[in-house]
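Below: one structure, written as structure tokens.
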Amino acid sequence: MSEGTALELNTLIRLRATARSLELGARRRALSAQAGGYLSVYHGRGMEFDEVRAYQAGDDVRTIDWRVTARRGRVHTKLFREERERPVLFLVDLHPGMYFGSRVQYKSVLAGRLSAVLGWAAVSAGDRVGGIVQAAGRHREIYPAAHEAGLLPMLQAMVQLQPTGPGELVNGRLDGALARMARIALPGSMIVIFSDFRELGNNAEKYLSALARHNDVISALLYDPLEAAPPPAGLYRLGVNQQRVTADTSRASVIEQWQAQFKLHREKIRGICTRHAAHFMEIATTDRMVPALRSGLARHKKNR
């Protein structure tokens with residue numbers, strides 16, 4: 001198999017070395033062994049005060065800042081940074097539509113490799129790692145565990161459940177994975193979603209809102225450059241099975257429609273994330289992984 005078309009366990013394990021150059025935005029300091037040695041910059045309840053924000057339904061009433069509430073005339077709540085290990089959960093979307101790539105690697109391979117790099121960085125930081133691998137008609141849940149005990153089962157699940165051929169999209173299949181994540185995620189977790197979001201359904205916002213209410217959610221839209229811009233002028237047969245169409249990319253109207261469809265999809269996902277305080281980032285199959293992750297996470301920290 002070509003290296004860019006399939007996930008291999010040995011490759012995912014070797015990415016541990018790559019992860020050494022990536023930081024999850026954490027500020028390290030000397031802490032006691034009981035405190036865990038790690039200061040998270042992500043929202044949660046902990047020992048150190050971080051900031052205040054407007055109160056949201058479901059927030060703990062014990063954290064209301066009454067002085068700020070009185071001054072601003074609107075209820076505000078305190079946010080804290082946690083001085084302890086943090087669960088880092090990945091939702092890795094490996095539906096058949098992710099079995100696609102025109103250059104470097106398939107989207108499914110990119111999703112697996114990104115999860116491995118961030119997973120190893122989390123392990124190095126002392127966090128517990130787990131998550132959900134979603135595939136066509138199957139999924140695997142891995143509850144967070146320390147060291148390699150949580151990450152290695154995630155890597156194995158991605159290899160076992162990865163798509164082996166293209167297939168038709170199923171609207172709403174990703175919603176089920178989000179619902180499962182909302183069930184297993186503990187408040188204060190960091191949740192990272194790697195997907196092209198092509199199987200997002202009508203209930204997705206409800207579950208994403210529930211996740212973002214008490215967790216730090218990062219949604220990474222994965223795409224291939226061919227999805228954003230059409231190939232050189234010519235006639236192309238596109239689609240799978242009985243859903244194939246012919247596209248003439250020499251026509252300006254086809255080019256405009258091609259680009260507009262991708263922009264519409266991207267802005268839809270960005271809008272959903274904005275509405276529910278989930279961070280949005282995008283990574284192409286041709287991007288260098290660590291710089292892309294570092295840039296996306298840096299914007300996330302800046303926008304908090």
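Residues in the structure tokens are named by chain (A, B, ... in the order shown) and by number from 1 within that chain; ligands are numbered from 1 in the order shown.
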Exercise. Residues at most 10 Å from A:Arg270, counting only C-alpha atoms, excluding those fewer than 2 positions away in the same chain, as JSON, numbers by chain?
Worked result: {"A": [219, 220, 221, 264, 265, 266, 267, 268, 272, 273, 274, 275, 278, 279, 280, 281, 282]}
Please produce a file of the residues just selected, as a PDB file, in the first residue's frame, where the atoms kept are N, CA and C atoms.
```pdb
ATOM      1  N   SER A 219     -12.633  21.909  16.550  1.00  0.00           N
ATOM      2  CA  SER A 219     -13.138  21.226  15.363  1.00  0.00           C
ATOM      3  C   SER A 219     -12.193  21.494  14.203  1.00  0.00           C
ATOM      4  N   ALA A 220     -11.546  20.456  13.715  1.00  0.00           N
ATOM      5  CA  ALA A 220     -10.588  20.596  12.619  1.00  0.00           C
ATOM      6  C   ALA A 220     -11.197  20.056  11.331  1.00  0.00           C
ATOM      7  N   LEU A 221     -11.495  20.954  10.403  1.00  0.00           N
ATOM      8  CA  LEU A 221     -12.044  20.578   9.100  1.00  0.00           C
ATOM      9  C   LEU A 221     -10.899  20.095   8.210  1.00  0.00           C
ATOM     10  N   LEU A 264     -19.151  27.272   0.921  1.00  0.00           N
ATOM     11  CA  LEU A 264     -20.411  27.166   1.650  1.00  0.00           C
ATOM     12  C   LEU A 264     -20.297  26.136   2.763  1.00  0.00           C
ATOM     13  N   HIS A 265     -19.690  24.990   2.446  1.00  0.00           N
ATOM     14  CA  HIS A 265     -19.520  23.944   3.452  1.00  0.00           C
ATOM     15  C   HIS A 265     -18.604  24.418   4.570  1.00  0.00           C
ATOM     16  N   ARG A 266     -17.495  25.036   4.206  1.00  0.00           N
ATOM     17  CA  ARG A 266     -16.543  25.519   5.211  1.00  0.00           C
ATOM     18  C   ARG A 266     -17.179  26.559   6.124  1.00  0.00           C
ATOM     19  N   GLU A 267     -17.917  27.496   5.559  1.00  0.00           N
ATOM     20  CA  GLU A 267     -18.530  28.548   6.373  1.00  0.00           C
ATOM     21  C   GLU A 267     -19.675  28.003   7.227  1.00  0.00           C
ATOM     22  N   LYS A 268     -20.320  26.953   6.747  1.00  0.00           N
ATOM     23  CA  LYS A 268     -21.362  26.312   7.558  1.00  0.00           C
ATOM     24  C   LYS A 268     -20.746  25.732   8.832  1.00  0.00           C
ATOM     25  N   ILE A 272     -21.290  27.043  12.751  1.00  0.00           N
ATOM     26  CA  ILE A 272     -21.750  26.181  13.842  1.00  0.00           C
ATOM     27  C   ILE A 272     -20.793  26.285  15.025  1.00  0.00           C
ATOM     28  N   CYS A 273     -19.508  26.250  14.736  1.00  0.00           N
ATOM     29  CA  CYS A 273     -18.505  26.335  15.807  1.00  0.00           C
ATOM     30  C   CYS A 273     -18.592  27.683  16.516  1.00  0.00           C
ATOM     31  N   THR A 274     -18.740  28.745  15.761  1.00  0.00           N
ATOM     32  CA  THR A 274     -18.820  30.084  16.353  1.00  0.00           C
ATOM     33  C   THR A 274     -20.019  30.200  17.268  1.00  0.00           C
ATOM     34  N   ARG A 275     -21.146  29.668  16.832  1.00  0.00           N
ATOM     35  CA  ARG A 275     -22.373  29.773  17.641  1.00  0.00           C
ATOM     36  C   ARG A 275     -22.241  29.052  18.980  1.00  0.00           C
ATOM     37  N   ALA A 278     -17.027  26.747  19.990  1.00  0.00           N
ATOM     38  CA  ALA A 278     -16.044  25.701  19.666  1.00  0.00           C
ATOM     39  C   ALA A 278     -15.040  26.303  18.689  1.00  0.00           C
ATOM     40  N   HIS A 279     -13.777  26.000  18.878  1.00  0.00           N
ATOM     41  CA  HIS A 279     -12.751  26.558  18.005  1.00  0.00           C
ATOM     42  C   HIS A 279     -12.775  25.854  16.650  1.00  0.00           C
ATOM     43  N   PHE A 280     -12.609  26.632  15.576  1.00  0.00           N
ATOM     44  CA  PHE A 280     -12.590  26.088  14.221  1.00  0.00           C
ATOM     45  C   PHE A 280     -11.202  26.252  13.628  1.00  0.00           C
ATOM     46  N   MET A 281     -10.702  25.194  13.003  1.00  0.00           N
ATOM     47  CA  MET A 281      -9.464  25.261  12.249  1.00  0.00           C
ATOM     48  C   MET A 281      -9.596  24.350  11.040  1.00  0.00           C
ATOM     49  N   GLU A 282      -8.783  24.576  10.030  1.00  0.00           N
ATOM     50  CA  GLU A 282      -8.843  23.754   8.819  1.00  0.00           C
ATOM     51  C   GLU A 282      -7.449  23.317   8.411  1.00  0.00           C
TER      52      GLU A 282
END
```
Wanna dump the stretch 195-260 of chain A-stretch 103-122 of chain A contacts at 10 Å for me, each residue with its shortest atom pair and the distance in Å to one decimal, counting only C-alpha atoms, ordered by chain and number, as a Markdown table?
```
| residue | atom | partner | partner_atom | distance |
| --- | --- | --- | --- | --- |
| A:Ser195 | CA | A:Ala111 | CA | 7.0 |
| A:Asp196 | CA | A:Lys107 | CA | 7.9 |
| A:Ala220 | CA | A:Ala111 | CA | 9.3 |
| A:Leu221 | CA | A:Ala111 | CA | 9.7 |
| A:Leu222 | CA | A:Lys107 | CA | 6.5 |
| A:Tyr223 | CA | A:Lys107 | CA | 6.5 |
| A:Asp224 | CA | A:Lys107 | CA | 6.9 |
| A:Pro225 | CA | A:Arg103 | CA | 8.1 |
| A:Leu226 | CA | A:Arg103 | CA | 8.7 |
```
Selection from above, C-alpha atoms, as a short mmCIF file (atom, residue, chain, number, x, y, z; two decimals), in the first residue's frame, can you write it?
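File written: again.cif
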```
data_model
loop_
_atom_site.label_atom_id
_atom_site.label_comp_id
_atom_site.auth_asym_id
_atom_site.auth_seq_id
_atom_site.Cartn_x
_atom_site.Cartn_y
_atom_site.Cartn_z
CA SER A 195 -13.43 15.24 10.17
CA ASP A 196 -14.46 16.62 6.80
CA ALA A 220 -10.59 20.60 12.62
CA LEU A 221 -12.04 20.58 9.10
CA LEU A 222 -9.93 18.26 6.93
CA TYR A 223 -10.04 18.66 3.17
CA ASP A 224 -8.19 17.92 -0.03
CA PRO A 225 -7.18 20.84 -2.30
CA LEU A 226 -9.22 19.26 -5.09
#
```
Mind dumping a table of every stretch 67-127 of chain A residue within 10 Å of stretch 56-62 of chain A, with the nearest atom pair and its distance in Å to one decimal, using only C-alpha atoms, sorted by chain and rising number, as a tab-separated table?
```
residue	atom	partner	partner_atom	distance
A:Val75	CA	A:Gln56	CA	8.9
A:His76	CA	A:Gln56	CA	8.5
A:Thr77	CA	A:Asp59	CA	7.8
A:Lys78	CA	A:Arg62	CA	9.1
```
For this session: Would you please give, as a PyMOL selection string, all residues of stretch 59-239 of chain A that DSSP assigns to alpha helix (DSSP H) based on the backbone?
Result: chain A and resi 66-72+107-124+148-161+173-184+204-214+225-228
Problem set entry | Residues of stretch 43-187 of chain A in strand (DSSP E), written as number ranges by chain | A: 43-44, 48-54, 76-81, 87-93, 128-134, 139-145
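Among the candidate residues A:Leu169, A:Leu22, A:Leu155, A:Ala284, the one lying nearest to A:Gly137 is A:Leu169, with distances computed using only C-alpha atoms.
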Problem set entry | Polymer residues at most 7 Å from A:Val129, only C-alpha atoms, same-chain spacing of 2 or more positions, as a VMD selection string | chain A and resid 87 to 89 119 127 144 to 146 150 to 151
For this session: Pick out the closest residue to A:Leu12 from this set: A:Ala157, A:Val192, A:Ile255, A:Leu200. Count only C-alpha atoms.
Result: A:Ala157
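For the residues A:Gly165, A:Lys206, A:Phe90, A:Leu293, ranking by smallest atom-to-atom distance to A:Ile142 using only C-alpha atoms places A:Phe90 first.
Counting only C-alpha atoms and comparing A:Arg140, A:Ala70, A:Leu152, A:Ala54, the residue that lies closest to A:Arg16 is A:Leu152.
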For this session: Counting only C-alpha atoms, figure out which residue out of A:Leu178, A:Ala292, A:Val133, A:Leu235 gets nearest to A:Thr249.
Result: A:Leu235
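Of the listed residues (A:Val217, A:Val52, A:Ile64, A:Val170), A:Val217 comes nearest to A:Ile193; the distances count only C-alpha atoms.
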For this session: Enter the distance from atom CA of A:Ala233 to atom CA of A:Pro96, in Å, rounded to one decimal.
Result: 27.4 Å
